[in-house]
Amino acid sequence: MELTIAGVGTRLGGRWVLDGVDATPPPGALTGLLGPNGAGKTTLLRLVAGLLAPDAGAVLVTDPGAADPTPAVPVHRMDRRVRARHVALLEQDSGATVPLSVREVVALGRIPYRTLWGTDDDAGAVDRALDAASATHLSDRAWSTLSGGERQRVHIARALAQEPRLLLLDEPTNHLDVAAQLSMLAFVRDLGVTSVAALHDLNLAAAFCEHVIVLSAGRLAAAGPPSDVLTPALLRAVYGVDAEVLTHPGTGRPVIALTAPAGTSPQARDPRPAGA
Ligand SMILES: Nc1ncnc2c1ncn2[C@@H]1O[C@H](COP(=O)(O)OP(=O)(O)OP(=O)(O)O)[C@@H](O)[C@H]1O
């Protein structure tokens with residue numbers, strides 16, 4: 001699915017929390033949505049999911065893979081049922097407990113496909129989603145008894161059961177151990193579905209995302225390939241940290257070594273040129 005974020009702005013609580021954001025995440029690839037706390041990442045994901053209507057600009061989607069390709073349409077004006085089949089949003093875990101089994105929670109992802117006669121492939125889609133999220137072994141467990149990391153896998157499985165063409169993930173690596181973080185992002189990257197993930201870990205974004213969008217106080221600070229965007233100057237301006245950006249010897253991707261809050265590292269305090 002092709003996604004264009006065109007001059008999007010939104011007002012919440014009487015102020016613009018997003019203002020004039022333009023971005024075109026590459027189709028079929030994983031885009032990282034970065035920025036400090038409160039920068040507007042969750043709000044932008046909710047706009048892209050069509051759950052919020054923008055107060056300025058538009059979020060436009062086209063689906064070149066559809067049997068009958070249509071011109072770009074504003075996502076919040078799509079028919080809710082059609083949108084629910086195409087767009088999956090994995091929100092941050094609310095901690096809500098529901099009296100359902102894991103399999104029943106994942107099957108909620110099939111609701112947009114339900115008809116009076118049921119659907120052909122609900123059970124198959126749920127099985128595939130559980131398998132892809134490495135959650136098959138949890139199928140019969142009660143949702144309320146799962147750990148944070150197990151819940152995160154089941155959330156992913158529910159989103160995958162939806163078989164979306166646009167996958168939106170709000171901090172999907174939360175609660176996951178390091179191995180699970182890597183396998184989760186590798187899995188999403190390799191899905192071939194247009195995906196946007198809000199991430200706090202810059203190194204995960206640098207390692208797994210083809211494209212990154214950086215927000216700062218509701219505005220677009222930068223967008224592009226991680227190696228172009230994640231520079232020491234950008235990290236200082238947006239996050240207020242001193243960092244060295246190295247190149248991974250195996251992958252050639254950026255590796256960010258955070259050194260200190262901006263202005264407090266020995267290099268920053270020492271006015272002598274390096275080597276003096
Ligand atoms: N319903 C609301 N009413 C008023 N202000 C809101 C509302 N929702 C979000 N905000 C504000 O909008 C700004 C952006 O919030 P958002 O949750 O999008 O940021 P974020 O980048 O996802 O942050 P974090 O990294 O902390 O999750 C914040 O200042 C937040 O307080």
# chains A, B, ... in the order shown; residues from 1 in each chain; ligands from 1
>>> residues_near_ligand(ligand="ligand 1", cutoff="9 Å", atoms="only C-alpha atoms and all ligand atoms", output="PyMOL selection string")
chain A and resi 11-18+33-46+92+170-171+198-200+215-218
>>> residues_around(residues="stretch 150-165 of chain A", least_positions_apart="2", cutoff="6 Å", atoms="only C-alpha atoms", output="PyMOL selection string")
chain A and resi 1+86-88+106+109-110+125-126+129-130+133+146-148+193
>>> write_last_selection(atoms="N, CA and C atoms", output="PDB file, in the first residue's frame")
ATOM      1  N   MET A   1       0.847  -1.194   0.000  1.00  0.00           N
ATOM      2  CA  MET A   1       0.000   0.000   0.000  1.00  0.00           C
ATOM      3  C   MET A   1       0.882   1.244   0.000  1.00  0.00           C
ATOM      4  N   HIS A  86      -7.600  -3.312   5.709  1.00  0.00           N
ATOM      5  CA  HIS A  86      -6.341  -2.909   5.079  1.00  0.00           C
ATOM      6  C   HIS A  86      -5.308  -2.378   6.055  1.00  0.00           C
ATOM      7  N   VAL A  87      -5.785  -1.787   7.149  1.00  0.00           N
ATOM      8  CA  VAL A  87      -4.871  -1.065   8.035  1.00  0.00           C
ATOM      9  C   VAL A  87      -4.938  -1.678   9.432  1.00  0.00           C
ATOM     10  N   ALA A  88      -3.804  -2.116   9.945  1.00  0.00           N
ATOM     11  CA  ALA A  88      -3.763  -2.645  11.320  1.00  0.00           C
ATOM     12  C   ALA A  88      -2.904  -1.726  12.170  1.00  0.00           C
ATOM     13  N   VAL A 106      -6.522 -13.275  19.185  1.00  0.00           N
ATOM     14  CA  VAL A 106      -5.981 -13.179  17.826  1.00  0.00           C
ATOM     15  C   VAL A 106      -7.117 -13.197  16.802  1.00  0.00           C
ATOM     16  N   GLY A 109      -8.788 -10.130  15.222  1.00  0.00           N
ATOM     17  CA  GLY A 109      -8.252  -9.536  13.992  1.00  0.00           C
ATOM     18  C   GLY A 109      -9.033  -9.927  12.756  1.00  0.00           C
ATOM     19  N   ARG A 110      -9.881 -10.956  12.858  1.00  0.00           N
ATOM     20  CA  ARG A 110     -10.657 -11.413  11.690  1.00  0.00           C
ATOM     21  C   ARG A 110     -12.026 -10.743  11.607  1.00  0.00           C
ATOM     22  N   ALA A 125      -6.005 -18.244   9.001  1.00  0.00           N
ATOM     23  CA  ALA A 125      -5.333 -16.953   9.196  1.00  0.00           C
ATOM     24  C   ALA A 125      -4.870 -16.814  10.648  1.00  0.00           C
ATOM     25  N   VAL A 126      -5.673 -17.287  11.589  1.00  0.00           N
ATOM     26  CA  VAL A 126      -5.292 -17.207  13.011  1.00  0.00           C
ATOM     27  C   VAL A 126      -4.076 -18.107  13.269  1.00  0.00           C
ATOM     28  N   ALA A 129      -0.975 -16.485  11.792  1.00  0.00           N
ATOM     29  CA  ALA A 129      -0.556 -15.307  12.559  1.00  0.00           C
ATOM     30  C   ALA A 129       0.119 -15.724  13.869  1.00  0.00           C
ATOM     31  N   LEU A 130      -0.435 -16.731  14.544  1.00  0.00           N
ATOM     32  CA  LEU A 130       0.171 -17.218  15.793  1.00  0.00           C
ATOM     33  C   LEU A 130       1.564 -17.759  15.512  1.00  0.00           C
ATOM     34  N   ALA A 133       4.125 -14.972  14.744  1.00  0.00           N
ATOM     35  CA  ALA A 133       4.497 -14.193  15.935  1.00  0.00           C
ATOM     36  C   ALA A 133       5.125 -15.076  17.017  1.00  0.00           C
ATOM     37  N   LEU A 146      -0.818 -13.722  30.814  1.00  0.00           N
ATOM     38  CA  LEU A 146       0.427 -13.601  30.036  1.00  0.00           C
ATOM     39  C   LEU A 146       1.366 -12.542  30.611  1.00  0.00           C
ATOM     40  N   SER A 147       2.663 -12.730  30.371  1.00  0.00           N
ATOM     41  CA  SER A 147       3.647 -11.698  30.730  1.00  0.00           C
ATOM     42  C   SER A 147       3.588 -10.575  29.683  1.00  0.00           C
ATOM     43  N   GLY A 148       4.279  -9.474  29.973  1.00  0.00           N
ATOM     44  CA  GLY A 148       4.264  -8.330  29.048  1.00  0.00           C
ATOM     45  C   GLY A 148       4.775  -8.710  27.661  1.00  0.00           C
ATOM     46  N   VAL A 193       5.176  -5.801   3.736  1.00  0.00           N
ATOM     47  CA  VAL A 193       3.995  -4.947   3.910  1.00  0.00           C
ATOM     48  C   VAL A 193       4.488  -3.546   4.298  1.00  0.00           C
TER      49      VAL A 193
END
>>> residues_around(residues="A:Tyr113", least_positions_apart="2", cutoff="9 Å", atoms="only C-alpha atoms", output="mmCIF file with C-alpha atoms, in the first residue's frame")
data_model
loop_
_atom_site.group_PDB
_atom_site.id
_atom_site.type_symbol
_atom_site.label_atom_id
_atom_site.label_comp_id
_atom_site.auth_asym_id
_atom_site.auth_seq_id
_atom_site.Cartn_x
_atom_site.Cartn_y
_atom_site.Cartn_z
ATOM 1 C CA ARG A 81 -14.891 -1.946 7.380
ATOM 2 C CA ALA A 84 -10.153 -2.340 9.054
ATOM 3 C CA ARG A 85 -9.215 -4.949 6.447
ATOM 4 C CA GLY A 109 -8.252 -9.536 13.992
ATOM 5 C CA ARG A 110 -10.657 -11.413 11.690
ATOM 6 C CA ILE A 111 -13.746 -9.376 12.645
ATOM 7 C CA THR A 115 -20.086 -12.097 7.134
ATOM 8 C CA GLY A 118 -18.482 -16.674 8.418
ATOM 9 C CA THR A 119 -15.312 -16.526 6.319
ATOM 10 C CA ASP A 122 -10.527 -17.504 9.684
ATOM 11 C CA GLN A 162 -6.018 -8.977 9.967
#
>>> atom_distance(atom1="atom CA of A:Met184", atom2="atom CA of A:Leu166")
16.5 Å
>>> residues_around(residues="stretch 227-244 of chain A", least_positions_apart="6", cutoff="7 Å", atoms="only C-alpha atoms", output="PDB file with N, CA and C atoms, in the first residue's frame")
ATOM      1  N   PRO A  36      11.600  12.287  20.488  1.00  0.00           N
ATOM      2  CA  PRO A  36      11.546  12.210  21.953  1.00  0.00           C
ATOM      3  C   PRO A  36      10.114  12.028  22.459  1.00  0.00           C
ATOM      4  N   SER A 216       9.999  16.208  15.990  1.00  0.00           N
ATOM      5  CA  SER A 216      10.470  16.978  17.134  1.00  0.00           C
ATOM      6  C   SER A 216       9.418  18.028  17.449  1.00  0.00           C
ATOM      7  N   ARG A 253      25.508  -0.468   8.299  1.00  0.00           N
ATOM      8  CA  ARG A 253      24.471   0.435   8.831  1.00  0.00           C
ATOM      9  C   ARG A 253      25.024   1.267   9.993  1.00  0.00           C
ATOM     10  N   PRO A 254      24.379   2.395  10.288  1.00  0.00           N
ATOM     11  CA  PRO A 254      24.875   3.226  11.394  1.00  0.00           C
ATOM     12  C   PRO A 254      24.707   2.531  12.745  1.00  0.00           C
ATOM     13  N   ILE A 256      24.815   3.848  16.712  1.00  0.00           N
ATOM     14  CA  ILE A 256      24.855   5.099  17.460  1.00  0.00           C
ATOM     15  C   ILE A 256      25.375   4.851  18.860  1.00  0.00           C
ATOM     16  N   ALA A 257      26.488   5.483  19.176  1.00  0.00           N
ATOM     17  CA  ALA A 257      27.056   5.398  20.524  1.00  0.00           C
ATOM     18  C   ALA A 257      26.722   6.699  21.232  1.00  0.00           C
ATOM     19  N   LEU A 258      25.738   6.608  22.146  1.00  0.00           N
ATOM     20  CA  LEU A 258      25.346   7.808  22.895  1.00  0.00           C
ATOM     21  C   LEU A 258      26.410   8.058  23.950  1.00  0.00           C
ATOM     22  N   THR A 259      26.852   9.310  24.075  1.00  0.00           N
ATOM     23  CA  THR A 259      27.918   9.567  25.040  1.00  0.00           C
ATOM     24  C   THR A 259      27.430  10.340  26.261  1.00  0.00           C
ATOM     25  N   ALA A 260      26.552  11.319  26.079  1.00  0.00           N
ATOM     26  CA  ALA A 260      26.123  12.133  27.226  1.00  0.00           C
ATOM     27  C   ALA A 260      25.023  13.080  26.787  1.00  0.00           C
ATOM     28  N   PRO A 261      24.285  13.653  27.770  1.00  0.00           N
ATOM     29  CA  PRO A 261      23.402  14.752  27.399  1.00  0.00           C
ATOM     30  C   PRO A 261      24.220  15.842  26.708  1.00  0.00           C
ATOM     31  N   ALA A 262      23.647  16.523  25.731  1.00  0.00           N
ATOM     32  CA  ALA A 262      24.406  17.489  24.935  1.00  0.00           C
ATOM     33  C   ALA A 262      25.128  18.489  25.820  1.00  0.00           C
ATOM     34  N   SER A 265      29.533  16.040  27.600  1.00  0.00           N
ATOM     35  CA  SER A 265      30.570  15.036  27.372  1.00  0.00           C
ATOM     36  C   SER A 265      31.928  15.706  27.461  1.00  0.00           C
TER      37      SER A 265
END
>>> decode(residues="stretch 84-118 of chain A", atoms="N, CA and C atoms", output="PDB file, in the first residue's frame")
ATOM      1  N   ALA A  84     -10.554  -1.345   8.060  1.00  0.00           N
ATOM      2  CA  ALA A  84     -10.153  -2.340   9.054  1.00  0.00           C
ATOM      3  C   ALA A  84      -9.530  -3.577   8.400  1.00  0.00           C
ATOM      4  N   ARG A  85      -9.851  -3.815   7.131  1.00  0.00           N
ATOM      5  CA  ARG A  85      -9.215  -4.949   6.447  1.00  0.00           C
ATOM      6  C   ARG A  85      -7.828  -4.593   5.948  1.00  0.00           C
ATOM      7  N   HIS A  86      -7.600  -3.312   5.709  1.00  0.00           N
ATOM      8  CA  HIS A  86      -6.341  -2.909   5.079  1.00  0.00           C
ATOM      9  C   HIS A  86      -5.308  -2.378   6.055  1.00  0.00           C
ATOM     10  N   VAL A  87      -5.785  -1.787   7.149  1.00  0.00           N
ATOM     11  CA  VAL A  87      -4.871  -1.065   8.035  1.00  0.00           C
ATOM     12  C   VAL A  87      -4.938  -1.678   9.432  1.00  0.00           C
ATOM     13  N   ALA A  88      -3.804  -2.116   9.945  1.00  0.00           N
ATOM     14  CA  ALA A  88      -3.763  -2.645  11.320  1.00  0.00           C
ATOM     15  C   ALA A  88      -2.904  -1.726  12.170  1.00  0.00           C
ATOM     16  N   LEU A  89      -3.405  -1.355  13.327  1.00  0.00           N
ATOM     17  CA  LEU A  89      -2.643  -0.535  14.274  1.00  0.00           C
ATOM     18  C   LEU A  89      -2.426  -1.330  15.544  1.00  0.00           C
ATOM     19  N   LEU A  90      -1.157  -1.549  15.865  1.00  0.00           N
ATOM     20  CA  LEU A  90      -0.805  -2.206  17.120  1.00  0.00           C
ATOM     21  C   LEU A  90      -0.501  -1.103  18.111  1.00  0.00           C
ATOM     22  N   GLU A  91      -1.444  -0.807  19.017  1.00  0.00           N
ATOM     23  CA  GLU A  91      -1.246   0.293  19.960  1.00  0.00           C
ATOM     24  C   GLU A  91      -0.404  -0.186  21.133  1.00  0.00           C
ATOM     25  N   GLN A  92       0.084   0.769  21.917  1.00  0.00           N
ATOM     26  CA  GLN A  92       0.842   0.388  23.110  1.00  0.00           C
ATOM     27  C   GLN A  92      -0.090  -0.390  24.026  1.00  0.00           C
ATOM     28  N   ASP A  93       0.477  -1.378  24.705  1.00  0.00           N
ATOM     29  CA  ASP A  93      -0.332  -2.249  25.564  1.00  0.00           C
ATOM     30  C   ASP A  93      -0.998  -1.418  26.659  1.00  0.00           C
ATOM     31  N   SER A  94      -2.324  -1.478  26.699  1.00  0.00           N
ATOM     32  CA  SER A  94      -3.052  -0.709  27.711  1.00  0.00           C
ATOM     33  C   SER A  94      -3.062  -1.445  29.054  1.00  0.00           C
ATOM     34  N   GLY A  95      -2.646  -2.711  29.033  1.00  0.00           N
ATOM     35  CA  GLY A  95      -2.678  -3.495  30.260  1.00  0.00           C
ATOM     36  C   GLY A  95      -4.063  -4.026  30.565  1.00  0.00           C
ATOM     37  N   ALA A  96      -5.015  -3.784  29.633  1.00  0.00           N
ATOM     38  CA  ALA A  96      -6.395  -4.237  29.874  1.00  0.00           C
ATOM     39  C   ALA A  96      -6.435  -5.763  29.954  1.00  0.00           C
ATOM     40  N   THR A  97      -7.252  -6.263  30.854  1.00  0.00           N
ATOM     41  CA  THR A  97      -7.415  -7.710  30.919  1.00  0.00           C
ATOM     42  C   THR A  97      -8.801  -8.057  30.417  1.00  0.00           C
ATOM     43  N   VAL A  98      -8.844  -9.033  29.537  1.00  0.00           N
ATOM     44  CA  VAL A  98     -10.127  -9.468  28.987  1.00  0.00           C
ATOM     45  C   VAL A  98     -10.238 -10.969  29.235  1.00  0.00           C
ATOM     46  N   PRO A  99     -11.461 -11.448  29.491  1.00  0.00           N
ATOM     47  CA  PRO A  99     -11.621 -12.872  29.802  1.00  0.00           C
ATOM     48  C   PRO A  99     -11.649 -13.711  28.528  1.00  0.00           C
ATOM     49  N   LEU A 100     -10.565 -13.662  27.759  1.00  0.00           N
ATOM     50  CA  LEU A 100     -10.496 -14.401  26.498  1.00  0.00           C
ATOM     51  C   LEU A 100      -9.227 -15.231  26.474  1.00  0.00           C
ATOM     52  N   SER A 101      -9.245 -16.278  25.674  1.00  0.00           N
ATOM     53  CA  SER A 101      -8.010 -17.035  25.450  1.00  0.00           C
ATOM     54  C   SER A 101      -7.175 -16.289  24.407  1.00  0.00           C
ATOM     55  N   VAL A 102      -5.914 -16.677  24.308  1.00  0.00           N
ATOM     56  CA  VAL A 102      -5.027 -16.060  23.326  1.00  0.00           C
ATOM     57  C   VAL A 102      -5.596 -16.238  21.918  1.00  0.00           C
ATOM     58  N   ARG A 103      -6.052 -17.437  21.632  1.00  0.00           N
ATOM     59  CA  ARG A 103      -6.587 -17.700  20.292  1.00  0.00           C
ATOM     60  C   ARG A 103      -7.797 -16.791  19.987  1.00  0.00           C
ATOM     61  N   GLU A 104      -8.628 -16.580  21.008  1.00  0.00           N
ATOM     62  CA  GLU A 104      -9.785 -15.694  20.808  1.00  0.00           C
ATOM     63  C   GLU A 104      -9.353 -14.239  20.588  1.00  0.00           C
ATOM     64  N   VAL A 105      -8.301 -13.833  21.297  1.00  0.00           N
ATOM     65  CA  VAL A 105      -7.802 -12.462  21.110  1.00  0.00           C
ATOM     66  C   VAL A 105      -7.288 -12.296  19.680  1.00  0.00           C
ATOM     67  N   VAL A 106      -6.522 -13.275  19.185  1.00  0.00           N
ATOM     68  CA  VAL A 106      -5.981 -13.179  17.826  1.00  0.00           C
ATOM     69  C   VAL A 106      -7.117 -13.197  16.802  1.00  0.00           C
ATOM     70  N   ALA A 107      -8.153 -13.981  17.091  1.00  0.00           N
ATOM     71  CA  ALA A 107      -9.299 -14.080  16.163  1.00  0.00           C
ATOM     72  C   ALA A 107     -10.044 -12.747  16.053  1.00  0.00           C
ATOM     73  N   LEU A 108      -9.860 -11.842  17.031  1.00  0.00           N
ATOM     74  CA  LEU A 108     -10.493 -10.514  16.918  1.00  0.00           C
ATOM     75  C   LEU A 108     -10.010  -9.801  15.657  1.00  0.00           C
ATOM     76  N   GLY A 109      -8.788 -10.130  15.222  1.00  0.00           N
ATOM     77  CA  GLY A 109      -8.252  -9.536  13.992  1.00  0.00           C
ATOM     78  C   GLY A 109      -9.033  -9.927  12.756  1.00  0.00           C
ATOM     79  N   ARG A 110      -9.881 -10.956  12.858  1.00  0.00           N
ATOM     80  CA  ARG A 110     -10.657 -11.413  11.690  1.00  0.00           C
ATOM     81  C   ARG A 110     -12.026 -10.743  11.607  1.00  0.00           C
ATOM     82  N   ILE A 111     -12.392  -9.951  12.620  1.00  0.00           N
ATOM     83  CA  ILE A 111     -13.746  -9.376  12.645  1.00  0.00           C
ATOM     84  C   ILE A 111     -14.081  -8.606  11.359  1.00  0.00           C
ATOM     85  N   PRO A 112     -13.130  -7.811  10.796  1.00  0.00           N
ATOM     86  CA  PRO A 112     -13.509  -7.066   9.582  1.00  0.00           C
ATOM     87  C   PRO A 112     -13.878  -7.962   8.402  1.00  0.00           C
ATOM     88  N   TYR A 113     -13.528  -9.233   8.467  1.00  0.00           N
ATOM     89  CA  TYR A 113     -13.808 -10.142   7.354  1.00  0.00           C
ATOM     90  C   TYR A 113     -15.104 -10.920   7.560  1.00  0.00           C
ATOM     91  N   ARG A 114     -15.704 -10.792   8.756  1.00  0.00           N
ATOM     92  CA  ARG A 114     -16.865 -11.627   9.077  1.00  0.00           C
ATOM     93  C   ARG A 114     -18.069 -11.274   8.221  1.00  0.00           C
ATOM     94  N   THR A 115     -18.796 -12.296   7.785  1.00  0.00           N
ATOM     95  CA  THR A 115     -20.086 -12.097   7.134  1.00  0.00           C
ATOM     96  C   THR A 115     -21.074 -12.975   7.887  1.00  0.00           C
ATOM     97  N   LEU A 116     -22.326 -12.931   7.484  1.00  0.00           N
ATOM     98  CA  LEU A 116     -23.329 -13.781   8.133  1.00  0.00           C
ATOM     99  C   LEU A 116     -22.946 -15.248   8.033  1.00  0.00           C
ATOM    100  N   TRP A 117     -22.213 -15.574   6.984  1.00  0.00           N
ATOM    101  CA  TRP A 117     -21.874 -16.984   6.732  1.00  0.00           C
ATOM    102  C   TRP A 117     -20.478 -17.344   7.257  1.00  0.00           C
ATOM    103  N   GLY A 118     -19.840 -16.421   7.986  1.00  0.00           N
ATOM    104  CA  GLY A 118     -18.482 -16.674   8.418  1.00  0.00           C
ATOM    105  C   GLY A 118     -17.533 -16.423   7.251  1.00  0.00           C
TER     106      GLY A 118
END
